[in-house]
>>> print(open('model_2.csv').read())   # CSV, C-alpha atoms
chain,number,residue,atom,x,y,z
A,1,MET,CA,37.3,-195.0,-81.8
A,2,SER,CA,36.7,-191.3,-81.3
A,3,PHE,CA,39.3,-188.6,-81.7
A,4,LYS,CA,40.6,-186.6,-78.8
A,5,THR,CA,43.7,-184.4,-78.6
A,6,ASN,CA,46.4,-185.2,-76.1
A,7,LYS,CA,45.4,-182.1,-74.0
A,8,GLU,CA,42.0,-183.8,-73.5
A,9,GLN,CA,43.4,-187.1,-72.4
A,10,GLN,CA,43.1,-187.8,-68.7
A,11,LEU,CA,46.5,-187.6,-67.0
A,12,THR,CA,47.5,-188.6,-63.5
A,13,LEU,CA,48.8,-186.1,-60.9
A,14,ASP,CA,52.0,-188.1,-60.3
A,15,ASP,CA,54.6,-187.2,-63.0
A,16,ARG,CA,57.2,-189.9,-63.2
A,17,PHE,CA,59.9,-187.5,-64.2
A,18,LEU,CA,59.5,-185.5,-61.0
A,19,GLN,CA,60.2,-188.6,-59.0
A,20,VAL,CA,63.5,-189.6,-60.6
A,21,ASP,CA,66.8,-188.8,-58.9
A,22,GLU,CA,68.6,-185.6,-59.8
A,23,ARG,CA,71.4,-187.5,-61.6
A,24,THR,CA,68.9,-189.2,-64.0
A,25,LYS,CA,67.2,-185.8,-64.6
A,26,LYS,CA,70.6,-184.3,-65.5
A,27,PHE,CA,71.3,-187.0,-68.1
A,28,VAL,CA,67.8,-186.7,-69.6
A,29,LEU,CA,68.0,-182.9,-69.9
A,30,SER,CA,71.4,-183.0,-71.5
A,31,SER,CA,70.3,-185.6,-74.1
A,32,TRP,CA,68.4,-185.4,-77.4
A,33,ALA,CA,65.2,-185.9,-75.4
A,34,LYS,CA,65.1,-182.2,-74.2
A,35,GLY,CA,65.3,-180.7,-77.7
A,36,PHE,CA,62.8,-183.2,-79.1
A,37,SER,CA,60.4,-182.5,-76.2
A,38,GLU,CA,60.6,-178.7,-76.4
A,39,ILE,CA,60.9,-178.1,-80.2
A,40,ILE,CA,59.8,-181.1,-82.2
A,41,PHE,CA,57.0,-182.6,-80.2
A,42,PRO,CA,55.0,-179.4,-79.7
A,43,ALA,CA,55.1,-178.8,-83.5
A,44,ILE,CA,53.1,-182.0,-84.2
A,45,ASN,CA,49.6,-181.1,-85.4
A,46,GLU,CA,47.2,-183.7,-83.9
A,47,GLU,CA,44.1,-182.2,-85.6
A,48,ARG,CA,45.5,-183.2,-89.0
A,49,PHE,CA,44.9,-186.8,-88.2
A,50,SER,CA,41.4,-186.4,-86.7
A,51,VAL,CA,39.9,-187.6,-90.1
A,52,LEU,CA,41.3,-191.1,-89.3
A,53,TYR,CA,38.9,-191.5,-86.3
A,54,SER,CA,35.2,-191.7,-85.7
A,55,GLU,CA,33.1,-188.6,-84.7
A,56,THR,CA,30.9,-190.7,-82.5
A,57,LYS,CA,30.9,-189.3,-79.0
A,58,GLY,CA,31.4,-191.6,-76.0
A,59,SER,CA,33.4,-194.3,-77.9
A,60,ARG,CA,36.8,-195.3,-76.8
A,61,PRO,CA,39.3,-192.5,-77.4
A,62,ASN,CA,42.4,-192.8,-79.6
A,63,ASN,CA,45.9,-193.2,-78.4
A,64,PRO,CA,47.5,-189.7,-78.2
A,65,VAL,CA,48.2,-189.0,-81.9
A,66,ASN,CA,51.1,-186.6,-81.2
A,67,ALA,CA,52.8,-189.3,-79.1
A,68,VAL,CA,52.3,-191.9,-81.8
A,69,VAL,CA,53.6,-189.6,-84.6
A,70,GLY,CA,56.5,-188.5,-82.3
A,71,SER,CA,57.3,-192.2,-81.7
A,72,LEU,CA,57.4,-192.9,-85.5
A,73,ILE,CA,59.8,-190.0,-85.9
A,74,LEU,CA,62.1,-191.3,-83.2
A,75,LYS,CA,61.9,-194.8,-84.7
A,76,GLU,CA,63.4,-193.4,-88.0
A,77,LEU,CA,65.9,-191.1,-86.3
A,78,LEU,CA,67.3,-193.9,-84.1
A,79,ARG,CA,66.7,-196.6,-86.6
A,80,LEU,CA,64.6,-198.9,-84.4
A,81,THR,CA,62.2,-201.7,-85.2
A,82,ASP,CA,58.7,-201.5,-83.8
A,83,ASP,CA,59.6,-203.9,-81.0
A,84,GLU,CA,62.7,-201.9,-80.1
A,85,LEU,CA,60.7,-198.7,-80.2
A,86,LEU,CA,58.0,-200.0,-77.8
A,87,ALA,CA,60.7,-201.4,-75.4
A,88,SER,CA,62.4,-198.0,-75.4
A,89,ILE,CA,59.2,-196.2,-74.6
A,90,LEU,CA,58.3,-198.5,-71.8
A,91,CYS,CA,61.7,-198.7,-70.2
A,92,ASP,CA,63.6,-195.5,-71.1
A,93,VAL,CA,62.6,-192.3,-69.4
A,94,ARG,CA,64.2,-190.2,-72.2
A,95,PHE,CA,61.6,-191.5,-74.6
A,96,GLN,CA,58.8,-190.8,-72.1
A,97,TYR,CA,60.1,-187.3,-71.5
A,98,ALA,CA,60.5,-186.6,-75.3
A,99,LEU,CA,56.9,-187.8,-75.9
A,100,HIS,CA,55.4,-186.0,-72.9
A,101,THR,CA,54.1,-189.3,-71.4
A,102,THR,CA,55.8,-189.2,-68.0
A,103,SER,CA,52.5,-188.2,-66.4
A,104,PHE,CA,50.6,-191.2,-67.8
A,105,LYS,CA,49.9,-193.9,-65.2
A,106,GLU,CA,50.6,-196.4,-68.0
A,107,GLN,CA,52.3,-195.8,-71.2
A,108,PRO,CA,49.6,-195.4,-74.0
A,109,PHE,CA,51.2,-197.9,-76.4
A,110,SER,CA,50.8,-201.6,-77.2
A,111,ASP,CA,52.5,-204.0,-79.6
A,112,ARG,CA,49.8,-203.0,-82.2
A,113,THR,CA,49.7,-199.3,-81.7
A,114,PHE,CA,52.1,-198.4,-84.6
A,115,SER,CA,50.9,-201.0,-87.1
A,116,ARG,CA,47.3,-200.0,-86.5
A,117,PHE,CA,48.1,-196.3,-87.0
A,118,ARG,CA,50.0,-197.0,-90.2
A,119,GLU,CA,47.0,-199.1,-91.4
A,120,ARG,CA,44.7,-196.1,-90.8
A,121,LEU,CA,47.1,-193.8,-92.7
A,122,TYR,CA,47.4,-196.3,-95.6
A,123,LEU,CA,43.6,-196.8,-96.0
A,124,TYR,CA,43.0,-193.1,-95.9
A,125,THR,CA,45.7,-192.6,-98.6
A,126,LEU,CA,44.0,-195.2,-100.8
A,127,GLU,CA,40.6,-193.6,-100.3
A,128,THR,CA,41.7,-189.9,-100.8
A,129,GLY,CA,45.2,-189.9,-102.4
A,130,ILE,CA,46.3,-187.8,-99.4
A,131,ASP,CA,49.4,-188.9,-97.4
A,132,LEU,CA,48.7,-187.3,-94.0
A,133,LEU,CA,52.1,-188.3,-92.6
A,134,GLN,CA,53.9,-186.7,-95.5
A,135,GLU,CA,51.9,-183.5,-95.1
A,136,GLU,CA,52.8,-183.5,-91.4
A,137,MET,CA,56.5,-184.1,-91.9
A,138,GLU,CA,56.8,-181.4,-94.5
A,139,SER,CA,54.8,-178.9,-92.4
A,140,MET,CA,57.2,-179.6,-89.5
A,141,ALA,CA,60.2,-178.8,-91.6
A,142,GLU,CA,60.4,-175.3,-90.1
A,143,ALA,CA,60.6,-176.8,-86.6
A,144,PHE,CA,63.4,-179.1,-87.6
A,145,LEU,CA,65.3,-176.2,-89.3
A,146,ASN,CA,65.0,-174.1,-86.2
A,147,TYR,CA,66.1,-176.9,-84.0
A,148,LEU,CA,69.2,-177.4,-86.1
A,149,ASN,CA,69.7,-173.7,-86.7
A,150,ILE,CA,69.7,-174.2,-90.5
A,151,GLU,CA,69.0,-171.2,-92.8
A,152,PRO,CA,66.0,-172.2,-95.1
A,153,SER,CA,67.0,-170.3,-98.3
A,154,MET,CA,69.2,-172.9,-100.0
A,155,LYS,CA,67.6,-176.2,-101.2
A,156,ARG,CA,68.8,-179.0,-103.4
A,157,MET,CA,66.8,-181.6,-105.1
A,158,ASP,CA,67.5,-185.0,-106.6
A,159,SER,CA,65.7,-188.2,-107.5
A,160,VAL,CA,66.6,-191.8,-106.7
A,161,MET,CA,65.5,-195.0,-108.4
A,162,VAL,CA,63.7,-197.4,-106.1
A,163,ALA,CA,63.8,-200.9,-107.4
A,164,SER,CA,60.7,-203.1,-107.2
A,165,ASN,CA,61.2,-206.3,-105.2
A,166,CYS,CA,59.8,-208.5,-107.9
A,167,LYS,CA,61.4,-210.8,-110.6
A,168,LYS,CA,62.3,-209.4,-114.0
A,169,MET,CA,59.9,-211.1,-116.5
A,170,THR,CA,59.8,-211.5,-120.2
A,171,ARG,CA,56.7,-210.7,-122.2
A,172,LEU,CA,55.9,-214.4,-122.5
A,173,GLU,CA,56.2,-214.8,-118.7
A,174,ILE,CA,54.0,-211.8,-118.0
A,175,LEU,CA,51.2,-213.0,-120.3
A,176,TYR,CA,51.5,-216.6,-119.2
A,177,THR,CA,51.4,-215.7,-115.5
A,178,CYS,CA,48.4,-213.4,-115.9
A,179,THR,CA,46.5,-216.1,-117.8
A,180,ALA,CA,47.4,-218.8,-115.3
A,181,ASN,CA,46.4,-216.6,-112.3
A,182,MET,CA,43.0,-216.0,-113.9
A,183,ILE,CA,42.4,-219.7,-114.5
A,184,LYS,CA,43.5,-220.5,-110.9
A,185,ALA,CA,41.2,-217.9,-109.5
A,186,ILE,CA,38.3,-219.4,-111.4
A,187,HIS,CA,39.2,-222.9,-110.3
A,188,GLN,CA,39.5,-221.8,-106.7
A,189,ALA,CA,35.9,-220.4,-106.9
A,190,ASP,CA,34.4,-223.3,-108.8
A,191,LYS,CA,36.5,-226.4,-109.5
A,192,THR,CA,34.2,-227.4,-112.4
A,193,ALA,CA,34.5,-224.1,-114.2
A,194,VAL,CA,37.9,-224.5,-115.9
A,195,TYR,CA,37.8,-225.2,-119.6
A,196,LYS,CA,39.4,-228.5,-120.5
A,197,ASP,CA,41.8,-227.1,-123.2
A,198,LEU,CA,43.1,-224.6,-120.6
A,199,ALA,CA,43.4,-226.9,-117.6
A,200,HIS,CA,47.1,-227.4,-118.2
A,201,TYR,CA,47.7,-224.0,-116.7
A,202,LEU,CA,46.8,-225.5,-113.3
A,203,GLU,CA,49.7,-228.0,-113.5
A,204,ALA,CA,52.8,-227.1,-111.4
A,205,GLU,CA,55.2,-227.9,-114.3
A,206,ASP,CA,53.2,-226.2,-117.0
A,207,LEU,CA,55.1,-222.9,-116.6
A,208,ASN,CA,58.5,-224.6,-117.0
A,209,ARG,CA,57.2,-226.5,-120.0
A,210,THR,CA,56.0,-223.3,-121.7
A,211,ILE,CA,58.8,-220.9,-120.8
A,212,TYR,CA,62.0,-223.0,-120.5
A,213,HIS,CA,61.6,-226.5,-121.9
A,214,ARG,CA,60.6,-225.3,-125.3
A,215,LYS,CA,63.3,-222.8,-126.0
A,216,ASN,CA,64.2,-224.5,-129.2
A,217,GLU,CA,60.7,-223.5,-130.5
A,218,ASP,CA,60.0,-220.1,-131.9
A,219,ILE,CA,59.2,-217.8,-129.0
A,220,SER,CA,56.7,-215.9,-131.2
A,221,ALA,CA,54.6,-219.1,-131.6
A,222,ARG,CA,54.5,-219.7,-127.9
A,223,LEU,CA,53.6,-216.0,-127.3
A,224,GLN,CA,50.8,-216.2,-129.8
A,225,GLN,CA,49.5,-219.4,-128.2
A,226,VAL,CA,49.3,-217.8,-124.8
A,227,ILE,CA,47.6,-214.7,-126.3
A,228,ASP,CA,45.0,-216.9,-128.0
A,229,ASP,CA,44.3,-218.7,-124.7
A,230,ALA,CA,44.0,-215.4,-122.8
A,231,THR,CA,41.7,-214.0,-125.5
A,232,GLN,CA,39.5,-217.1,-125.4
A,233,LEU,CA,39.3,-216.9,-121.6
A,234,ILE,CA,38.3,-213.2,-121.6
A,235,ALA,CA,35.7,-213.8,-124.3
A,236,GLU,CA,34.1,-216.8,-122.5
A,237,LEU,CA,34.1,-215.2,-119.1
A,238,GLY,CA,32.4,-212.0,-120.3
A,239,ASP,CA,31.7,-209.7,-117.4
A,240,ASP,CA,31.2,-212.5,-114.8
A,241,ALA,CA,34.7,-212.1,-113.5
A,242,PHE,CA,35.0,-208.4,-114.0
A,243,GLU,CA,35.6,-207.6,-110.3
A,244,LEU,CA,38.4,-210.1,-109.9
A,245,PRO,CA,41.9,-208.4,-109.8
A,246,GLU,CA,43.2,-211.3,-111.9
A,247,TYR,CA,40.7,-210.5,-114.6
A,248,GLN,CA,41.6,-206.8,-114.6
A,249,LEU,CA,45.3,-207.6,-114.9
A,250,LEU,CA,44.7,-210.0,-117.7
A,251,ARG,CA,42.7,-207.5,-119.7
A,252,ARG,CA,45.3,-204.9,-119.0
A,253,VAL,CA,48.2,-207.0,-120.2
A,254,LEU,CA,46.3,-207.9,-123.4
A,255,MET,CA,45.7,-204.3,-124.1
A,256,GLU,CA,49.4,-203.4,-123.5
A,257,GLN,CA,51.0,-206.3,-125.2
A,258,THR,CA,48.8,-207.0,-128.2
A,259,GLU,CA,47.3,-205.4,-131.3
A,260,GLN,CA,44.9,-206.6,-133.9
A,261,ASP,CA,45.9,-207.8,-137.4
A,262,ARG,CA,43.8,-207.2,-140.5
A,263,THR,CA,41.4,-210.0,-139.5
A,264,GLY,CA,40.9,-208.6,-136.0
A,265,LYS,CA,42.9,-211.3,-134.4
A,266,PRO,CA,45.1,-210.2,-131.4
A,267,ILE,CA,48.8,-210.6,-132.1
A,268,PRO,CA,51.9,-209.5,-130.2
A,269,LYS,CA,52.8,-205.8,-130.5
A,270,ASP,CA,56.2,-204.7,-131.7
A,271,LYS,CA,58.4,-204.3,-128.7
A,272,LYS,CA,59.1,-200.7,-129.5
A,273,SER,CA,55.4,-199.8,-129.2
A,274,ILE,CA,55.0,-201.1,-125.7
A,275,THR,CA,54.9,-198.1,-123.3
A,276,PRO,CA,57.1,-197.8,-120.1
A,277,ASP,CA,54.1,-197.9,-117.8
A,278,SER,CA,53.1,-201.4,-119.0
A,279,LEU,CA,52.8,-204.2,-116.5
A,280,GLN,CA,56.3,-205.4,-115.4
A,281,ASN,CA,55.2,-208.2,-113.1
A,282,PRO,CA,51.7,-209.2,-111.9
A,283,SER,CA,52.9,-209.3,-108.3
A,284,ASP,CA,53.6,-205.5,-108.4
A,285,PRO,CA,51.1,-203.9,-110.9
A,286,ASP,CA,52.2,-200.3,-110.2
A,287,ALA,CA,55.9,-200.8,-111.0
A,288,THR,CA,57.0,-199.2,-114.3
A,289,PHE,CA,60.0,-199.2,-116.6
A,290,ARG,CA,62.5,-196.4,-117.0
A,291,ARG,CA,65.9,-196.0,-118.6
A,292,LYS,CA,68.1,-193.4,-116.9
A,293,ALA,CA,71.8,-192.7,-117.1
A,294,GLY,CA,72.2,-195.6,-119.5
A,295,LYS,CA,70.6,-198.1,-117.1
A,296,ASN,CA,67.3,-199.9,-117.0
A,297,HIS,CA,65.2,-199.5,-113.9
A,298,LYS,CA,62.0,-201.3,-112.9
A,299,GLY,CA,60.0,-199.9,-110.0
A,300,TYR,CA,59.5,-196.4,-108.6
A,301,VAL,CA,61.3,-193.1,-108.1
A,302,GLY,CA,61.7,-191.0,-105.0
A,303,ASN,CA,62.3,-187.2,-105.2
A,304,ILE,CA,64.1,-185.7,-102.2
A,305,ILE,CA,64.5,-182.0,-101.3
A,306,GLU,CA,67.2,-181.1,-98.8
A,307,THR,CA,67.6,-177.7,-97.1
A,308,PHE,CA,71.2,-176.9,-96.2
A,309,ASP,CA,73.7,-174.3,-95.1
A,310,GLU,CA,77.1,-174.3,-93.3
A,311,GLN,CA,75.4,-175.6,-90.1
A,312,GLY,CA,74.2,-178.8,-91.8
A,313,ALA,CA,71.5,-180.3,-93.9
A,314,ILE,CA,68.1,-182.0,-93.4
A,315,ILE,CA,65.4,-183.4,-95.8
A,316,THR,CA,62.5,-181.1,-95.8
A,317,GLY,CA,60.4,-182.5,-98.6
A,318,TYR,CA,60.0,-185.7,-100.5
A,319,ASP,CA,57.7,-187.4,-103.0
A,320,TYR,CA,57.3,-190.9,-104.4
A,321,ASP,CA,55.8,-192.1,-107.7
A,322,ILE,CA,56.1,-194.6,-110.5
A,323,ASN,CA,59.5,-194.3,-112.1
A,324,SER,CA,58.1,-193.0,-115.4
A,325,HIS,CA,57.3,-189.8,-113.5
A,326,SER,CA,59.9,-187.4,-114.9
A,327,ASP,CA,62.3,-185.1,-112.9
A,328,SER,CA,60.8,-182.1,-114.8
A,329,GLN,CA,57.4,-183.0,-113.5
A,330,PHE,CA,58.7,-183.4,-109.9
A,331,CYS,CA,60.3,-179.9,-110.3
A,332,LYS,CA,57.0,-178.4,-111.4
A,333,GLU,CA,55.2,-180.0,-108.4
A,334,THR,CA,57.9,-178.9,-106.0
A,335,ILE,CA,57.7,-175.3,-107.1
A,336,SER,CA,53.9,-175.3,-106.7
A,337,LYS,CA,54.3,-176.9,-103.2
A,338,LEU,CA,56.9,-174.4,-102.1
A,339,GLY,CA,54.7,-171.5,-103.2
A,340,HIS,CA,55.5,-167.9,-102.8
A,341,GLN,CA,58.6,-167.2,-100.8
A,342,ASP,CA,58.9,-164.1,-98.6
A,343,GLU,CA,62.7,-164.0,-99.2
A,344,ALA,CA,64.8,-165.2,-102.1
A,345,ALA,CA,65.3,-168.9,-102.2
A,346,THR,CA,67.6,-171.0,-104.4
A,347,LEU,CA,66.6,-174.5,-105.6
A,348,LEU,CA,69.6,-176.5,-107.0
A,349,ALA,CA,68.9,-179.4,-109.3
A,350,ASP,CA,70.5,-181.1,-112.3
A,351,GLY,CA,69.6,-180.5,-115.9
A,352,ALA,CA,66.9,-183.2,-116.0
A,353,TYR,CA,64.7,-180.9,-113.9
A,354,ALA,CA,65.0,-177.9,-116.2
A,355,SER,CA,62.4,-176.7,-118.6
A,356,THR,CA,61.2,-173.3,-119.9
A,357,GLY,CA,57.9,-173.8,-118.1
A,358,ASN,CA,59.6,-174.6,-114.8
A,359,HIS,CA,61.8,-171.5,-115.0
A,360,GLU,CA,58.8,-169.3,-115.8
A,361,GLN,CA,56.8,-170.9,-112.9
A,362,ALA,CA,59.6,-170.3,-110.5
>>> encode(input="model_2.csv", output="structure tokens")
Amino acid sequence: MSFKTNKEQQLTLDDRFLQVDERTKKFVLSSWAKGFSEIIFPAINEERFSVLYSETKGSRPNNPVNAVVGSLILKELLRLTDDELLASILCDVRFQYALHTTSFKEQPFSDRTFSRFRERLYLYTLETGIDLLQEEMESMAEAFLNYLNIEPSMKRMDSVMVASNCKKMTRLEILYTCTANMIKAIHQADKTAVYKDLAHYLEAEDLNRTIYHRKNEDISARLQQVIDDATQLIAELGDDAFELPEYQLLRRVLMEQTEQDRTGKPIPKDKKSITPDSLQNPSDPDATFRRKAGKNHKGYVGNIIETFDEQGAIITGYDYDINSHSDSQFCKETISKLGHQDEAATLLADGAYASTGNHEQA
């Protein structure tokens, strides 16, 4: 799919908005659609997203990127699902006017338009570490501020814990699950490859027997047994399973949860020496642990920058990271991102963001 800007898309001569009755026009022009069409939509930079598409000439052109990005903004502003958004665009002239699609013979959206665009964004972020949509939203901040007539000199910043949607697991559960997942992956690839003394990990009730039905037994003994099994499995597999994600997680959890005794045998680490960025649950490998304001948190952290004055307030910057990412580090990154200011600006934040280096940088 090749990239073309909306200006290069072929439009029809018949504009639907010119054909509606005067009463309908009046309602559209007095609604949110007029401000969005005249201020927000023109500020969308289509060229930023050209990297998502092929440079091959003659291939099928993309959907108008500014219309897709504008649609995603409307989806969040109006709290719509993808299906509701698509229905609104197809049936509501306000959406078509806001997105400059009234001249299209057929609306340039399908039931897969938004999911495919998000997929392109996601894959590009994985490849480059660059979130194009975040860059675009932050670059459009000035247009939003102008639209709402908000003075840009006052900003406030705060972070929010974002919980991971995964079960809280004990050390024993984490080690057991990673070991069982590795054995199941091997068994799925080759049903004759599982070692007899580890075959019990394939049984449906083995988890309950190991974790819950043996609570009267010393947990350290059960933990050591799973570590021994995992160590044996890694040693016997060698590099043959190196590319498997289950293998990578098993190696990671052994490095994080164990240390060697005097004989070189892996044994459980002291709990206090396990770092906050250790694996919390194999189903969400990126989630980390953090204790903040006296509470334990497992997951991620969002950092939000809001620009405000007496007229109102709007979010003009945001970031997202593992929750071991400190507020002070967010502050440093925000100051760098804001860069030199032509006029004095005030950034309000609580004490967790403060450091001598951050003050000097500001």
>>> residues_around(input="model_2.csv", residues="Arg291 of chain A", least_positions_apart="5", cutoff="10 Å", atoms="all atoms listed in the file", output="PyMOL selection string")
chain A and resi 276+296-298+323-324
>>> atom_distance(input="model_2.csv", atom1="atom CA of Leu207 of chain A", atom2="atom CA of Ala287 of chain A")
22.8 Å
>>> closest_residue(input="model_2.csv", among="A:Leu86, A:Pro152, A:Ser30, A:Asp21", to="Ile315 of chain A", atoms="only C-alpha atoms")
A:Pro152
>>> residues_around(input="model_2.csv", residues="segment 132-137 of chain A", least_positions_apart="2", cutoff="8 Å", atoms="only C-alpha atoms", output="MDAnalysis selection string")
chainID A and resid 44:45 48:49 121 125 130 139:141 316:318
>>> closest_residue(input="model_2.csv", among="A:Gly294, A:Gly302, A:Pro108, A:Gly35", to="Ser71 of chain A", atoms="all atoms listed in the file")
A:Pro108
>>> atom_distance(input="model_2.csv", atom1="atom CA of Ile267 of chain A", atom2="atom CA of Tyr247 of chain A")
19.3 Å
>>> closest_residue(input="model_2.csv", among="A:Lys26, A:Phe36, A:Asn165, A:Glu106", to="Asp14 of chain A", atoms="only C-alpha atoms")
A:Glu106
>>> atom_distance(input="model_2.csv", atom1="atom CA of Asn208 of chain A", atom2="atom CA of Leu175 of chain A")
14.1 Å
>>> residues_around(input="model_2.csv", residues="Lys168 of chain A", least_positions_apart="3", cutoff="12 Å", atoms="all atoms listed in the file", output="count of residues only")
20
>>> closest_residue(input="model_2.csv", among="A:Met157, A:Ala143, A:Val20, A:Cys91", to="Ala43 of chain A", atoms="only C-alpha atoms")
A:Ala143
